[in-house]
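K.L.:
Below you'll find the structure I mean.
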There are 2 protein chains.
Amino acid sequence: MRIEVVNTGSELLLGKVINTHVAYFGQELFKIGLRIDRQTTIPDGGVIGSMMTEAFPRCDALLVTGGLGPTSDDITREVVAALLGRALVLDEGILETIRTMFRVRGLTSSPTNDRQAMVPVGATVLPNPYGTAPGLYLPADLAVGSPHIFLLPGPPRELKPMFQVEVLPRLAEFSGGTAPVWQNFRIYGVGESALATALEPEFGAIVDLEVGYCARLGEVDLRLIGSAASVELASKKVRASFPEDIATESEDALSSVIVDLLKQRGETVATAESCTGGAIASAITDASGSSAVFSESYIVYANAAKTKLVGVAPGLLAEHGAVSEAVVRAMAEGCLERSGADHAIAVSGIAGPDGGSEEKPVGTVWLAIASRGNETFAKRFFYPSDRASFKIRTTRQALDQLRRRLRGFALA
Amino acid sequence: MRIEVVNTGSELLLGKVINTHVAYFGQELFKIGLRIDRQTTIPDGGVIGSMMTEAFPRCDALLVTGGLGPTSDDITREVVAALLGRALVLDEGILETIRTMFRVRGLTSSPTNDRQAMVPVGATVLPNPYGTAPGLYLPADLAVGSPHIFLLPGPPRELKPMFQVEVLPRLAEFSGGTAPVWQNFRIYGVGESALATALEPEFGAIVDLEVGYCARLGEVDLRLIGSAASVELASKKVRASFPEDIATESEDALSSVIVDLLKQRGETVATAESCTGGAIASAITDASGSSAVFSESYIVYANAAKTKLVGVAPGLLAEHGAVSEAVVRAMAEGCLERSGADHAIAVSGIAGPDGGSEEKPVGTVWLAIASRGNETFAKRFFYPSDRASFKIRTTRQALDQLRRRLRGFALA
């Protein structure tokens, strides 16, 4: 089955937004044995017409994103209707959904929004629980020579659920494809090249195995694809090589892993955060059900706050400075005591761009984990980069060290 | 000048790698007044030939990435030579560079690497200080009908320096382009469709104006591009229509706007966060220099924490529940008092997926802003969606309400 993707959006070509749709589609289609043959990005506006005419004979399914919104540059719906020679008719169901969505939020729907309720004759409406623009599916039309066409919203939060629920099952049915066997490992504390160096000799003798690495800041996904036997054999080698570094054999977030482990143990966690400004606590509470294991935390940005909220002695701050082993240990232990939690995470570092020194350059961060009945762990890390990357890496490092403690592994 | 980009690479279509080249090219080209008219991704291998033939008549410059490597699926060089009717000749300079690069790394260059030294007659070699594959530039050829062609390496760390040094200056010269006038407005509290409804009649009479909207969760960028006079005229209309909703006329983050406003006023802010779990404080501290306006904050997830850390009376919690106007007001006022800050943000809501009720469904959130010398503002919002979106919308709403207070506008 030949699949083509067309992304509309001037913001993509102007570089205001990075196109993540293609990678998402590619990954998801692969799971049902399909792949994208060609992907094109075009600006908003009239080009969509000639683009689709050009793509029709090349593919069996055409996925179009964007151009379904309420503004004047959103014309995909009208263009497709014209190309297929279909009238646009008002869909009362969509109209009602749009108006309800506005009403619920205390807003009034405008006539420009009502345009989103116009549907080409013969199209199936694909519900959009996360936005006003529904998707549309137009079956292949032999008379016009058009492939199966899916018109999908641009925003990822609207697109992804619709792709899962409405697009993938239809494409799987059309193609009769079978999903390849695959296994993901989400790994912390080991870099992509170190993983590859260790594992590729092990994988060498395994036939029918495709290995993919996807490295993000402080986190690597290792994906094995192939026959059931090959994937199982390779998985055993991964588990044997990195028994403590695999946080999950799924694509679950580290925060969910932590919350599940804490729930199993009936324990709680609190944080005392300086340079991350609450990002670690926020990550923990990203996991649904986190209220069972998380009650309170302290953001202690200023030195005085470290003393006031988690009892760090002023003398310690004066002697060692806020970014130091002594202070971060005191923060973690004070957090444990004040919060009454079973585990406490503390971080203090220099996110930059200012505030660095020769001894403590920008990117320096001290992390401590204090737990009831354990030695407090403290270690210095160095993430010289922009503030956002620094915070993400520090947050992942902190959660991963807690994961190691909860699993009974040595902290690293 | 019409510019087309072709990215070759099966890994892009399989979703192993996100294509960041397009956004990079788009941003850099825009600075010299150029833009990408179309971008296409194709797999490694033979398709590159028909793709280029198809693109030749559509563009004045064709930028191709990938396919210059040493392996058997890297055939861009050979395909281009064939299309243009040029012989491939060995370039001794490249060969020497490749061999030296291997020698320096203690490796031996293989014959497959030597293929990278073959160059079509008439091509200019674009040096690659960061890898073995040089780029190639082939000037437009009227006889063949080919545009200016740039063959560039795939890896970003090789591509970007080559694009800056070898590609951008040539394109600037060919186009004689000048940077276009453009203006961004980052707007809160007004949806994309309401903006369009209000502004499009105003813009109707303005010639040479391109209007783009990019809506994210609770945030819209309105972009005006055109002649200096048109952009100025349209900008005046935007400012007059939404004087209080424009947070910035740049692409700065809302947190930077807040931190700058607080610095100007010599004031500070603190947060008391339940459902956002620290996300608001983390957003504030994303802004460089935030330590001047931010000292401490409280994450009060559990009811007991609301009492302990910001002094909410247990009776108030029992009577109204944690997600209520009374409690969120008490949280904000308690936060103001305990932190000593000039402004306090408090939120309490139901992020879901569990914990909703008929009266307070998932997505309900109460927000309060308390400031010294002002009435405390409190309002209920409703963001029924996934936890991540709920947190982002709530965070943006909270920061935007604080922005309005700092600018002296009525809270909305």
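Residue numbering restarts at 1 in every chain; chains get A, B, ... in the order shown in the structure tokens, and ligands count up from 1 in that same order.
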Find the residues near Ala332 of chain A: any atom within 6 Å, counting only C-alpha atoms, skip ones fewer than 2 places away on the same chain, and give them as number ranges by chain.
P.N.:
A: 329-330, 334-335, 344-346, 370
K.L.:
For the residues selected in the previous step, produce a file with C-alpha atoms as a compact mmCIF listing (two decimals), in the first residue's frame.
P.N.:
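For reference, again-v2.txt as written:
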```txt
# COMPACT_ATOMS: atom_id res chain seq x y z
CA ARG A 329 22.50 17.10 51.31
CA ALA A 330 21.05 19.46 53.92
CA GLY A 334 15.55 18.93 55.62
CA CYS A 335 12.95 18.19 52.96
CA ALA A 344 13.30 13.47 49.21
CA ILE A 345 14.95 14.82 46.08
CA ALA A 346 17.02 18.02 46.25
CA ALA A 370 17.51 11.20 50.99
```
K.L.:
Within 7 Å of chain B, which residues belong to chain A? Use only C-alpha atoms and report them as number ranges by chain.
P.N.:
A: 12-20, 22-24, 26-27, 30, 35-43, 70-71, 105, 112-113, 130, 214, 276-279, 281-282, 285-286, 288, 295-302, 305, 353, 387-388
K.L.:
Might you pull out every residue within 10 Å of Asp114 of chain A, with only C-alpha atoms counted and same-chain residues fewer than 3 positions away left off, and present them as a PyMOL selection string?
P.N.:
chain A and resi 70+90-92+94-96+98-99+109-111+117-118+132-133
K.L.:
Segment 134-136 of chain B: which residues within 10 Å, counting only C-alpha atoms, same-chain residues fewer than 6 positions away excluded, as JSON, numbers by chain?
P.N.:
{"B": [64, 65, 66, 68, 69, 77, 94, 97, 98, 116, 117, 119, 120, 122, 123, 124, 125, 126, 127, 128, 149, 150, 151, 152, 153, 158, 159, 162, 163, 166, 167]}
K.L.:
Could you superimpose chain A onto chain B using all C-alpha atoms, paired one by one in order, and tell me the resulting RMSD in Å?
P.N.:
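That gives an RMSD of 5.4 Å.
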K.L.:
Counting only C-alpha atoms, what is within 10 Å of Val238 of chain A, bar same-chain residues fewer than 6 positions away, as a ChimeraX atom specification?
P.N.:
/A:185,195,198-199,202-203,222,224,232,246
K.L.:
Write the residues of the preceding selection, restricted to all heavy atoms, as a compact mmCIF listing (two decimals), in the first residue's frame.
P.N.:
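Full text of result_31.txt as output:
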```
# COMPACT_ATOMS: atom_id res chain seq x y z
N PHE A 185 13.01 -0.44 24.82
CA PHE A 185 13.65 -0.31 26.13
C PHE A 185 13.93 1.17 26.36
O PHE A 185 14.56 1.80 25.51
CB PHE A 185 14.97 -1.09 26.18
CG PHE A 185 14.81 -2.58 26.07
CD1 PHE A 185 14.82 -3.20 24.83
CD2 PHE A 185 14.63 -3.35 27.21
CE1 PHE A 185 14.67 -4.58 24.72
CE2 PHE A 185 14.47 -4.73 27.11
CZ PHE A 185 14.49 -5.34 25.86
N LEU A 195 25.70 2.28 24.30
CA LEU A 195 24.75 1.18 24.09
C LEU A 195 25.12 0.41 22.83
O LEU A 195 25.20 -0.83 22.83
CB LEU A 195 23.33 1.72 23.92
CG LEU A 195 22.51 2.06 25.15
CD1 LEU A 195 21.16 2.64 24.71
CD2 LEU A 195 22.30 0.82 26.02
N ALA A 198 28.31 -1.65 23.07
CA ALA A 198 28.15 -2.86 23.88
C ALA A 198 27.27 -3.90 23.19
O ALA A 198 27.52 -5.11 23.28
CB ALA A 198 27.56 -2.50 25.24
N LEU A 199 26.22 -3.44 22.51
CA LEU A 199 25.21 -4.38 22.05
C LEU A 199 25.43 -4.88 20.62
O LEU A 199 25.04 -6.02 20.30
CB LEU A 199 23.82 -3.74 22.15
CG LEU A 199 23.32 -3.52 23.58
CD1 LEU A 199 22.04 -2.68 23.57
CD2 LEU A 199 23.07 -4.87 24.27
N GLU A 202 26.86 -8.23 20.15
CA GLU A 202 25.90 -9.24 20.65
C GLU A 202 24.82 -9.51 19.61
O GLU A 202 24.35 -10.64 19.45
CB GLU A 202 25.21 -8.74 21.92
CG GLU A 202 26.12 -8.40 23.07
CD GLU A 202 26.46 -9.63 23.88
OE1 GLU A 202 25.57 -10.48 24.05
OE2 GLU A 202 27.62 -9.76 24.32
N PHE A 203 24.41 -8.43 18.92
CA PHE A 203 23.32 -8.57 17.96
C PHE A 203 23.79 -9.16 16.64
O PHE A 203 22.98 -9.63 15.84
CB PHE A 203 22.69 -7.19 17.66
CG PHE A 203 21.93 -6.59 18.81
CD1 PHE A 203 21.67 -5.23 18.84
CD2 PHE A 203 21.45 -7.38 19.85
CE1 PHE A 203 20.96 -4.66 19.88
CE2 PHE A 203 20.74 -6.81 20.90
CZ PHE A 203 20.50 -5.45 20.92
N LEU A 222 15.74 2.33 22.96
CA LEU A 222 16.34 1.31 22.10
C LEU A 222 15.19 0.46 21.58
O LEU A 222 14.43 -0.10 22.37
CB LEU A 222 17.30 0.44 22.91
CG LEU A 222 17.78 -0.85 22.26
CD1 LEU A 222 18.64 -0.58 21.04
CD2 LEU A 222 18.58 -1.68 23.26
N LEU A 224 13.86 -2.68 19.14
CA LEU A 224 14.20 -3.89 18.39
C LEU A 224 12.99 -4.27 17.56
O LEU A 224 11.88 -4.33 18.08
CB LEU A 224 14.53 -5.04 19.35
CG LEU A 224 15.62 -4.75 20.40
CD1 LEU A 224 15.73 -5.93 21.36
CD2 LEU A 224 16.95 -4.46 19.72
N GLU A 232 13.09 -11.61 20.75
CA GLU A 232 13.20 -12.20 22.08
C GLU A 232 14.66 -12.45 22.44
O GLU A 232 15.11 -12.14 23.55
CB GLU A 232 12.38 -13.50 22.15
CG GLU A 232 12.30 -14.11 23.54
CD GLU A 232 12.06 -13.10 24.66
OE1 GLU A 232 11.26 -12.17 24.45
OE2 GLU A 232 12.70 -13.22 25.73
N ILE A 246 17.68 -0.04 32.50
CA ILE A 246 16.39 -0.05 31.80
C ILE A 246 15.31 0.38 32.78
O ILE A 246 15.01 -0.32 33.75
CB ILE A 246 16.07 -1.47 31.28
CG1 ILE A 246 17.16 -1.95 30.33
CG2 ILE A 246 14.70 -1.50 30.60
CD1 ILE A 246 17.13 -3.46 30.05
```
K.L.:
Would you pick out the contacts of Asn374 of chain A at 12 Å or less, using only C-alpha atoms, so that residues sharing its chain but fewer than 4 positions from it are not included, and give the list as a ChimeraX atom specification?
P.N.:
/A:333,336,342-344,369-370,405-406,408,410-411
K.L.:
Nearest to Gly363 of chain B among B:Ser175, B:Ser348, B:Thr376, B:Ser255, with distances taken over only C-alpha atoms: which residue is it?
P.N.:
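When distances to Gly363 of chain B are compared using only C-alpha atoms, the smallest one comes from B:Ser348.
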K.L.:
Could you pull out the alpha helix (DSSP H) residues of segment 156-333 of chain A, going by DSSP on the backbone, and write them as a PyMOL selection string?
P.N.:
chain A and resi 156-162+168-175+192-203+228-241+254-265+279-284+303-310+314-320+325-333
K.L.:
Can you work out the spacing between atom CA of Leu88 of chain B and atom CA of Val121 of chain B in Å, to one decimal?
P.N.:
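Atom CA of Val121 of chain B lies 6.2 Å from atom CA of Leu88 of chain B.
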K.L.:
So that I can check the surroundings of Asp141 of chain A, please list as a list of chain:residue names every protein, DNA and RNA residue that reaches within 9 Å of it, counting only C-alpha atoms and ignoring chain neighbours fewer than 6 positions away.
P.N.:
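Contacts, in chain order: A:Leu84, A:Pro147, A:His148.
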K.L.:
Give the strand (DSSP E or B) residues of segment 132-182 of chain B, as DSSP finds them on the backbone, and put them as a list of chain:residue names.
P.N.:
B:Gly135, B:Leu136, B:Tyr137, B:Leu138, B:Asp141, B:Ser146, B:His148, B:Ile149, B:Phe150, B:Leu151, B:Leu152, B:Val181, B:Trp182
K.L.:
Give me a file of those residues, with all heavy atoms, as a short mmCIF file (atom, residue, chain, number, x, y, z; two decimals), in the first residue's frame.
P.N.:
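Wrote it out as selection-v3.cif, contents follow:
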```
data_model
loop_
_atom_site.label_atom_id
_atom_site.label_comp_id
_atom_site.auth_asym_id
_atom_site.auth_seq_id
_atom_site.Cartn_x
_atom_site.Cartn_y
_atom_site.Cartn_z
N GLY B 135 30.01 18.81 0.21
CA GLY B 135 28.82 19.19 -0.54
C GLY B 135 29.20 19.53 -1.96
O GLY B 135 30.38 19.62 -2.31
N LEU B 136 28.20 19.69 -2.82
CA LEU B 136 28.45 20.06 -4.22
C LEU B 136 27.45 21.14 -4.63
O LEU B 136 26.27 21.09 -4.26
CB LEU B 136 28.26 18.84 -5.13
CG LEU B 136 29.27 17.70 -4.96
CD1 LEU B 136 28.85 16.49 -5.79
CD2 LEU B 136 30.68 18.15 -5.36
N TYR B 137 27.95 22.11 -5.40
CA TYR B 137 27.06 23.12 -5.97
C TYR B 137 27.15 23.04 -7.49
O TYR B 137 28.24 23.09 -8.07
CB TYR B 137 27.47 24.52 -5.50
CG TYR B 137 26.90 25.62 -6.36
CD1 TYR B 137 25.52 25.72 -6.58
CD2 TYR B 137 27.74 26.56 -6.98
CE1 TYR B 137 25.00 26.71 -7.40
CE2 TYR B 137 27.22 27.55 -7.79
CZ TYR B 137 25.85 27.63 -8.01
OH TYR B 137 25.33 28.59 -8.84
N LEU B 138 25.98 22.90 -8.14
CA LEU B 138 25.91 22.87 -9.59
C LEU B 138 25.08 24.07 -10.06
O LEU B 138 23.88 24.14 -9.78
CB LEU B 138 25.27 21.56 -10.06
CG LEU B 138 26.14 20.35 -9.74
CD1 LEU B 138 25.38 19.33 -8.92
CD2 LEU B 138 26.69 19.75 -11.02
N ASP B 141 21.59 25.32 -15.17
CA ASP B 141 22.04 24.93 -16.52
C ASP B 141 20.84 25.08 -17.47
O ASP B 141 19.92 24.26 -17.47
CB ASP B 141 22.55 23.48 -16.47
CG ASP B 141 23.14 23.03 -17.80
OD1 ASP B 141 22.73 23.59 -18.85
OD2 ASP B 141 23.99 22.13 -17.78
N SER B 146 17.91 22.89 -15.63
CA SER B 146 18.06 22.62 -14.18
C SER B 146 18.27 23.91 -13.42
O SER B 146 18.87 24.86 -13.92
CB SER B 146 19.25 21.67 -13.94
OG SER B 146 20.46 22.29 -14.33
N HIS B 148 19.68 26.09 -9.88
CA HIS B 148 20.86 25.98 -9.02
C HIS B 148 20.64 24.78 -8.10
O HIS B 148 19.61 24.70 -7.43
CB HIS B 148 21.04 27.23 -8.17
CG HIS B 148 21.34 28.46 -8.96
ND1 HIS B 148 22.56 28.70 -9.54
CD2 HIS B 148 20.56 29.53 -9.30
CE1 HIS B 148 22.54 29.86 -10.20
NE2 HIS B 148 21.33 30.38 -10.06
N ILE B 149 21.61 23.86 -8.08
CA ILE B 149 21.44 22.67 -7.23
C ILE B 149 22.53 22.64 -6.16
O ILE B 149 23.71 22.79 -6.47
CB ILE B 149 21.53 21.38 -8.08
CG1 ILE B 149 20.44 21.40 -9.16
CG2 ILE B 149 21.39 20.14 -7.20
CD1 ILE B 149 20.57 20.24 -10.16
N PHE B 150 22.10 22.46 -4.92
CA PHE B 150 23.04 22.27 -3.81
C PHE B 150 22.85 20.88 -3.24
O PHE B 150 21.74 20.55 -2.80
CB PHE B 150 22.80 23.32 -2.71
CG PHE B 150 23.12 24.72 -3.12
CD1 PHE B 150 22.16 25.51 -3.75
CD2 PHE B 150 24.39 25.25 -2.90
CE1 PHE B 150 22.46 26.82 -4.13
CE2 PHE B 150 24.68 26.56 -3.28
CZ PHE B 150 23.72 27.34 -3.90
N LEU B 151 23.88 20.07 -3.27
CA LEU B 151 23.82 18.73 -2.65
C LEU B 151 24.54 18.83 -1.31
O LEU B 151 25.72 19.17 -1.26
CB LEU B 151 24.51 17.70 -3.54
CG LEU B 151 24.00 17.62 -4.98
CD1 LEU B 151 24.73 16.50 -5.73
CD2 LEU B 151 22.50 17.39 -5.03
N LEU B 152 23.81 18.53 -0.23
CA LEU B 152 24.32 18.80 1.11
C LEU B 152 24.28 17.54 1.97
O LEU B 152 23.41 16.67 1.76
CB LEU B 152 23.46 19.90 1.76
CG LEU B 152 23.39 21.20 0.95
CD1 LEU B 152 22.28 22.11 1.47
CD2 LEU B 152 24.72 21.93 0.99
N VAL B 181 9.75 42.65 5.87
CA VAL B 181 9.25 43.22 7.12
C VAL B 181 8.24 42.24 7.70
O VAL B 181 7.37 41.74 6.98
CB VAL B 181 8.59 44.58 6.86
CG1 VAL B 181 7.93 45.10 8.13
CG2 VAL B 181 9.61 45.57 6.34
N TRP B 182 8.37 41.94 8.95
CA TRP B 182 7.38 41.09 9.57
C TRP B 182 7.22 41.48 11.04
O TRP B 182 8.10 42.11 11.62
CB TRP B 182 7.73 39.61 9.44
CG TRP B 182 8.95 39.20 10.19
CD1 TRP B 182 10.25 39.48 9.86
CD2 TRP B 182 9.00 38.45 11.41
NE1 TRP B 182 11.10 38.96 10.78
CE2 TRP B 182 10.38 38.31 11.75
CE3 TRP B 182 8.04 37.88 12.22
CZ2 TRP B 182 10.78 37.63 12.89
CZ3 TRP B 182 8.45 37.20 13.36
CH2 TRP B 182 9.80 37.07 13.67
#
```
K.L.:
Record the distance separating atom CA of Asn184 of chain A and atom CA of Arg396 of chain A, expressed in Å with one decimal.
P.N.:
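Between these atoms lies a distance of 18.3 Å.
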K.L.:
State, in Å with one decimal place, the distance from atom CA of Leu317 of chain A to atom CA of Val347 of chain A.
P.N.:
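Between these atoms lies a distance of 14.1 Å.
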K.L.:
Here is a test: counting only C-alpha atoms, which residue of B:Phe56, B:Ser227, B:Phe390, B:Ala313 is nearest to Ala326 of chain B?
P.N.:
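The closest residue to Ala326 of chain B is B:Ala313.
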K.L.:
Nearest to Arg393 of chain A among A:Glu359, A:Glu319, A:Glu219, A:Glu375, with distances taken over only C-alpha atoms: which residue is it?
P.N.:
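With only C-alpha atoms as the atom set, the closest residue is A:Glu219.
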K.L.:
Between B:Arg239, B:Arg403, B:Asp221, B:Val80, single out the one closest to Ile258 of chain B, counting only C-alpha atoms.
P.N.:
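Checking each of B:Arg239, B:Arg403, B:Asp221, B:Val80 against Ile258 of chain B, counting only C-alpha atoms, the winner is B:Arg403.
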